[in-house]
$ cat upload-v8.csv   # CSV, C-alpha atoms
chain,number,residue,atom,x,y,z
A,19,MET,CA,13.8,0.4,24.2
A,20,ARG,CA,14.6,-2.8,22.2
A,21,ASN,CA,17.8,-1.2,20.9
A,22,ILE,CA,18.9,-0.2,24.4
A,23,LEU,CA,18.4,-3.7,25.8
A,24,ILE,CA,20.4,-5.2,22.9
A,25,LEU,CA,23.3,-2.7,23.6
A,26,LEU,CA,23.1,-3.5,27.3
A,27,ALA,CA,23.3,-7.3,26.7
A,28,PHE,CA,26.2,-6.9,24.3
A,29,ASN,CA,28.2,-4.8,26.8
A,30,LEU,CA,27.5,-7.2,29.6
A,31,CYS,CA,28.6,-10.1,27.5
A,32,ALA,CA,31.9,-8.3,26.8
A,33,TYR,CA,32.3,-7.6,30.5
A,34,VAL,CA,31.8,-11.3,31.3
A,35,ILE,CA,34.5,-12.3,28.8
A,36,ALA,CA,36.9,-9.8,30.2
A,37,VAL,CA,36.4,-10.8,33.8
A,38,ALA,CA,36.6,-14.5,33.0
A,39,ASP,CA,40.0,-14.0,31.5
A,40,GLU,CA,41.4,-12.8,34.8
A,41,PRO,CA,43.2,-15.4,36.9
A,42,THR,CA,41.1,-16.8,39.7
A,43,GLU,CA,41.7,-18.9,42.8
A,44,PRO,CA,39.4,-21.8,43.8
A,45,ASN,CA,37.9,-20.2,46.9
A,46,ASP,CA,34.5,-18.6,47.6
A,47,ALA,CA,36.0,-15.3,48.6
A,48,ASN,CA,37.5,-14.6,45.1
A,49,PRO,CA,36.1,-11.2,43.9
A,50,ALA,CA,36.6,-12.0,40.2
A,51,ALA,CA,34.5,-15.1,40.4
A,52,ALA,CA,31.8,-13.2,42.2
A,53,ASN,CA,31.8,-10.5,39.5
A,54,VAL,CA,31.5,-13.2,36.8
A,55,ALA,CA,28.5,-14.6,38.6
A,56,ASP,CA,26.8,-11.2,39.0
A,57,ALA,CA,27.5,-10.4,35.3
A,58,ASN,CA,26.0,-13.7,34.2
A,59,VAL,CA,22.8,-12.9,36.2
A,60,ALA,CA,22.6,-9.5,34.6
A,61,VAL,CA,23.0,-10.9,31.1
A,62,ASP,CA,20.2,-13.4,31.8
A,63,VAL,CA,17.9,-10.6,33.0
A,64,ALA,CA,18.7,-8.5,29.9
A,65,VAL,CA,18.0,-11.4,27.5
A,66,ALA,CA,14.7,-12.1,29.3
A,67,ASN,CA,13.7,-8.4,29.0
A,68,LEU,CA,14.6,-8.5,25.3
A,69,THR,CA,12.5,-11.6,24.8
A,70,VAL,CA,9.5,-9.8,26.5
A,71,VAL,CA,10.0,-6.8,24.2
A,72,ASN,CA,10.1,-9.1,21.1
A,73,GLU,CA,6.9,-10.9,22.2
A,74,ALA,CA,5.2,-7.6,22.9
A,75,GLU,CA,6.1,-6.3,19.4
A,76,ALA,CA,4.9,-9.5,17.8
A,77,GLU,CA,1.5,-9.1,19.6
A,78,ALA,CA,1.3,-5.5,18.6
A,79,LEU,CA,1.5,-6.3,14.8
A,80,VAL,CA,-1.8,-6.3,13.0
A,81,SER,CA,-2.4,-7.8,9.6
A,82,TYR,CA,-4.6,-5.9,7.2
A,83,VAL,CA,-5.9,-6.4,3.7
A,84,VAL,CA,-6.0,-3.3,1.5
A,85,GLN,CA,-8.1,-3.2,-1.7
A,86,LEU,CA,-7.9,-0.3,-4.2
A,87,THR,CA,-10.6,-0.2,-6.9
A,88,GLU,CA,-10.8,2.2,-9.8
A,89,TYR,CA,-14.2,2.9,-11.4
A,90,ARG,CA,-15.4,4.9,-14.4
A,91,LEU,CA,-18.8,6.5,-15.0
A,92,THR,CA,-19.9,6.8,-18.6
A,93,SER,CA,-21.7,10.0,-17.7
A,94,PRO,CA,-20.3,12.4,-15.1
A,95,ALA,CA,-21.8,12.8,-11.7
A,96,GLU,CA,-23.4,16.1,-10.7
A,97,PRO,CA,-21.0,18.5,-8.9
A,98,THR,CA,-23.4,18.7,-6.0
A,99,ALA,CA,-23.1,15.0,-5.2
A,100,THR,CA,-21.6,14.3,-1.8
A,101,VAL,CA,-18.7,11.9,-1.2
A,102,GLU,CA,-21.1,9.4,0.6
A,103,GLU,CA,-23.4,9.5,-2.4
A,104,LEU,CA,-20.6,8.8,-4.8
A,105,VAL,CA,-19.3,5.9,-2.8
A,106,ALA,CA,-22.8,4.4,-2.6
A,107,LEU,CA,-23.2,4.9,-6.3
A,108,LEU,CA,-19.9,3.2,-7.1
A,109,THR,CA,-20.4,0.2,-4.8
A,110,SER,CA,-24.0,-0.4,-5.6
A,111,PRO,CA,-24.2,-4.2,-6.2
A,112,SER,CA,-27.1,-3.9,-8.6
A,113,GLY,CA,-25.3,-1.5,-10.9
A,114,SER,CA,-28.3,0.9,-10.8
A,115,LEU,CA,-29.4,3.9,-8.8
A,116,THR,CA,-30.9,2.9,-5.4
A,117,SER,CA,-33.7,5.5,-5.3
A,118,PRO,CA,-35.3,8.2,-7.5
A,119,SER,CA,-33.7,10.9,-5.3
A,120,ASP,CA,-30.2,9.6,-6.5
A,121,SER,CA,-30.9,10.5,-10.1
A,122,ARG,CA,-29.1,13.7,-9.7
A,123,LEU,CA,-25.8,11.7,-9.4
A,124,THR,CA,-25.8,11.1,-13.2
A,125,SER,CA,-27.3,12.9,-16.2
A,126,GLU,CA,-29.6,9.9,-16.8
A,127,ASN,CA,-31.7,7.6,-14.6
A,128,GLU,CA,-29.1,4.9,-14.9
A,129,ASN,CA,-25.9,4.2,-13.0
A,130,ARG,CA,-23.4,3.3,-15.7
A,131,VAL,CA,-20.4,2.2,-13.5
A,132,VAL,CA,-17.5,0.3,-15.0
A,133,GLN,CA,-14.9,-1.3,-12.7
A,134,VAL,CA,-11.6,-0.6,-14.4
A,135,GLU,CA,-9.2,-2.4,-12.0
A,136,SER,CA,-9.0,-3.8,-8.5
A,137,VAL,CA,-5.8,-4.4,-6.6
A,138,ARG,CA,-5.7,-6.3,-3.3
A,139,PHE,CA,-2.7,-7.0,-1.0
A,140,SER,CA,-1.8,-7.8,2.6
A,141,ILE,CA,0.1,-5.5,4.9
A,142,LEU,CA,1.5,-5.5,8.4
A,143,SER,CA,0.8,-2.5,10.7
A,144,GLY,CA,3.7,0.0,10.7
A,145,HIS,CA,5.5,-1.7,7.7
A,146,GLU,CA,5.5,-0.5,4.2
A,147,SER,CA,4.0,-2.8,1.6
A,148,MET,CA,4.7,-2.5,-2.2
A,149,VAL,CA,2.9,-4.2,-5.0
A,150,GLN,CA,3.4,-3.7,-8.8
A,151,PHE,CA,1.7,-5.2,-11.8
A,152,GLY,CA,2.7,-4.2,-15.3
A,153,ARG,CA,3.6,-5.1,-18.8
A,154,GLN,CA,5.7,-3.9,-21.7
A,155,VAL,CA,3.7,-3.0,-24.8
A,156,SER,CA,4.8,-2.0,-28.3
A,157,LEU,CA,3.2,1.1,-29.8
A,158,MET,CA,3.2,1.8,-33.5
A,159,THR,CA,4.0,5.5,-33.7
A,160,GLY,CA,4.1,5.7,-37.5
A,161,SER,CA,5.1,4.1,-40.7
A,162,ILE,CA,7.1,4.9,-43.8
A,163,SER,CA,6.5,3.4,-47.3
A,164,THR,CA,9.5,3.2,-49.7
A,165,ARG,CA,9.2,1.5,-53.0
A,166,GLY,CA,6.3,-0.6,-51.9
A,167,VAL,CA,7.9,-1.6,-48.6
A,168,THR,CA,6.3,-0.3,-45.4
A,169,THR,CA,8.4,0.2,-42.3
A,170,ARG,CA,6.7,0.7,-39.0
A,171,ASP,CA,8.1,2.8,-36.2
A,172,VAL,CA,7.5,1.1,-32.9
A,173,ARG,CA,8.4,2.1,-29.4
A,174,SER,CA,8.1,0.2,-26.2
A,175,VAL,CA,6.3,1.6,-23.1
A,176,GLU,CA,5.5,0.2,-19.7
A,177,VAL,CA,1.9,0.3,-18.4
A,178,GLY,CA,0.5,-1.0,-15.1
A,179,THR,CA,-0.1,-0.3,-11.5
A,180,LEU,CA,2.3,0.5,-8.6
A,181,VAL,CA,1.1,0.9,-5.0
A,182,ARG,CA,3.1,1.7,-1.8
A,183,ALA,CA,1.1,1.7,1.5
A,184,ILE,CA,1.5,1.8,5.3
A,185,ALA,CA,-1.4,1.0,7.6
A,186,GLU,CA,-1.3,1.8,11.3
A,187,PRO,CA,-4.0,1.3,14.0
A,188,GLN,CA,-5.6,4.7,15.0
A,189,ASP,CA,-8.2,4.7,17.8
A,190,GLY,CA,-10.1,1.8,16.5
A,191,LYS,CA,-9.7,2.8,12.9
A,192,VAL,CA,-6.7,2.6,10.5
A,193,LEU,CA,-4.4,5.4,9.3
A,194,LEU,CA,-3.7,4.5,5.7
A,195,THR,CA,-0.9,6.2,3.9
A,196,LEU,CA,-0.5,5.3,0.3
A,197,ASP,CA,1.0,6.2,-3.1
A,198,TYR,CA,-1.0,4.9,-6.0
A,199,THR,CA,0.1,5.1,-9.7
A,200,ALA,CA,-1.7,3.5,-12.6
A,201,SER,CA,-1.2,3.8,-16.3
A,202,ARG,CA,-3.1,2.1,-19.1
A,203,LEU,CA,-3.7,2.2,-22.8
A,204,GLU,CA,-6.8,3.9,-24.1
A,205,GLY,CA,-7.2,1.8,-27.2
A,206,GLU,CA,-5.4,-0.9,-29.2
A,207,SER,CA,-1.6,-0.8,-29.2
A,208,SER,CA,-1.5,-1.6,-33.0
A,209,ALA,CA,-3.8,1.3,-33.9
A,210,GLU,CA,-2.6,4.2,-36.0
A,211,PRO,CA,-2.3,6.9,-34.7
A,212,PRO,CA,-1.2,5.2,-31.4
A,213,PRO,CA,-3.5,5.1,-28.5
A,214,GLU,CA,-3.3,7.6,-25.6
A,215,ILE,CA,-1.9,6.4,-22.3
A,216,SER,CA,-3.9,7.5,-19.3
A,217,LYS,CA,-2.2,8.0,-16.0
A,218,THR,CA,-3.6,8.3,-12.4
A,219,GLN,CA,-1.3,9.2,-9.5
A,220,ILE,CA,-2.6,9.6,-6.0
A,221,SER,CA,-0.6,10.3,-2.8
A,222,THR,CA,-2.8,10.6,0.3
A,223,ALA,CA,-3.3,9.7,4.0
A,224,GLN,CA,-6.7,8.7,5.2
A,225,ILE,CA,-8.4,7.6,8.4
A,226,VAL,CA,-10.3,4.5,7.4
A,227,GLU,CA,-13.0,2.5,9.2
A,228,LEU,CA,-12.5,-1.3,8.8
A,229,GLY,CA,-14.7,-2.6,5.9
A,230,LYS,CA,-15.9,0.8,4.9
A,231,PRO,CA,-14.8,2.1,1.4
A,232,VAL,CA,-13.4,5.6,1.2
A,233,LEU,CA,-12.9,7.9,-1.8
A,234,ILE,CA,-9.2,8.6,-2.2
A,235,GLY,CA,-9.4,10.4,-5.6
A,236,GLY,CA,-11.4,11.2,-8.7
A,237,THR,CA,-11.5,13.3,-11.8
A,238,THR,CA,-14.1,14.4,-14.3
A,239,ALA,CA,-11.6,15.5,-16.9
A,240,ASP,CA,-12.1,13.6,-20.2
A,241,LYS,CA,-13.4,10.4,-18.6
A,242,THR,CA,-15.0,10.4,-15.1
A,243,SER,CA,-13.1,8.1,-12.8
A,244,TYR,CA,-12.9,7.5,-9.1
A,245,THR,CA,-10.7,5.4,-6.9
A,246,LEU,CA,-11.9,3.8,-3.6
A,247,ALA,CA,-9.8,2.2,-0.8
A,248,THR,CA,-11.1,-0.5,1.6
A,249,VAL,CA,-9.2,-1.9,4.6
A,250,THR,CA,-10.2,-5.2,6.3
A,251,GLN,CA,-8.6,-7.7,8.7
$ encode --input "upload-v8.csv" --output "structure tokens"
Amino acid sequence: MRNILILLAFNLCAYVIAVADEPTEPNDANPAAANVADANVAVDVAVANLTVVNEAEAEALVSYVVQLTEYRLTSPAEPTATVEELVALLTSPSGSLTSPSDSRLTSENENRVVQVESVRFSILSGHESMVQFGRQVSLMTGSISTRGVTTRDVRSVEVGTLVRAIAEPQDGKVLLTLDYTASRLEGESSAEPPPEISKTQISTAQIVELGKPVLIGGTTADKTSYTLATVTQ
């Protein structure tokens, strides 16, 4: 609708210019002068409608705050644990299990949750937002000793987090579409052999309730980790 009004206003302006160039006579019965007046009125109406559309679009925009948090468990959760139980476990403020019945979530009676990273950013409804945090690190991949002189082989890699997201209102909730990629070193960069680089990549779309964390991904391979997303206003 907005594009149609813009095109209409442009065409009407072009018509006004063309008609205004025609020779006119100073009397009220001049058809060219009447056409110019009518065209001016039509342009004013089109511009007014365009202003109304712009104001409606501005009012329809909603600002959200998206937070992505990655957690690790030092002992894996039981396979029978539900998503709701996992979210409650990861977001427990006390850092311990809330009741004896929750003990099946981990192999011990202790919730050992470690927050690895939390990313927070603002986003406008219907518009893609992108945030990136990273750094270049030098990894020693080996060394060679020749006549008492040691030469180290070093390579540079980039680690960090990249998030692309779109949030749209959906029947009182939020449709969150996001791509999340995180890579980090598992050890000291100067260690020999060089540390491993762990990588998490998630592409998903979720219906999210405002203020309620949702599980967007997780793995129990090697190290147990889960990523939660929360949308607020």
$ residues_around --input "upload-v8.csv" --residues "Val105 in chain A" --least-positions-apart "6" --cutoff "10 Å" --atoms "only C-alpha atoms" --output "mmCIF file with C-alpha atoms, keeping the file's coordinate frame"
data_model
loop_
_atom_site.group_PDB
_atom_site.id
_atom_site.type_symbol
_atom_site.label_atom_id
_atom_site.label_comp_id
_atom_site.auth_asym_id
_atom_site.auth_seq_id
_atom_site.Cartn_x
_atom_site.Cartn_y
_atom_site.Cartn_z
ATOM 1 C CA LYS A 230 -15.900 0.800 4.900
ATOM 2 C CA PRO A 231 -14.800 2.100 1.400
ATOM 3 C CA VAL A 232 -13.400 5.600 1.200
ATOM 4 C CA LEU A 233 -12.900 7.900 -1.800
ATOM 5 C CA TYR A 244 -12.900 7.500 -9.100
ATOM 6 C CA THR A 245 -10.700 5.400 -6.900
ATOM 7 C CA LEU A 246 -11.900 3.800 -3.600
#
$ atom_distance --input "upload-v8.csv" --atom1 "CA of Thr100 in chain A" --atom2 "CA of Ile215 in chain A"
29.5 Å
$ residues_around --input "upload-v8.csv" --residues "Thr179 in chain A" --least-positions-apart "4" --cutoff "9 Å" --atoms "only C-alpha atoms" --output "VMD selection string"
chain A and resid 137 149 to 152 198 to 202
$ residues_near_point --input "upload-v8.csv" --point "(-8.0, -2.7, -4.5)" --cutoff "6 Å" --atoms "only C-alpha atoms" --output "list in words"
Gln85, Leu86, Thr87, Ser136, Val137 and Arg138 of chain A
$ closest_residue --input "upload-v8.csv" --among "A:Ile234, A:Ile162, A:Leu194, A:Leu228" --to "Glu146 in chain A" --atoms "all atoms listed in the file"
A:Leu194
$ closest_residue --input "upload-v8.csv" --among "A:Thr164, A:Gln251, A:Gln133, A:Ser143" --to "Gly229 in chain A" --atoms "only C-alpha atoms"
A:Gln251
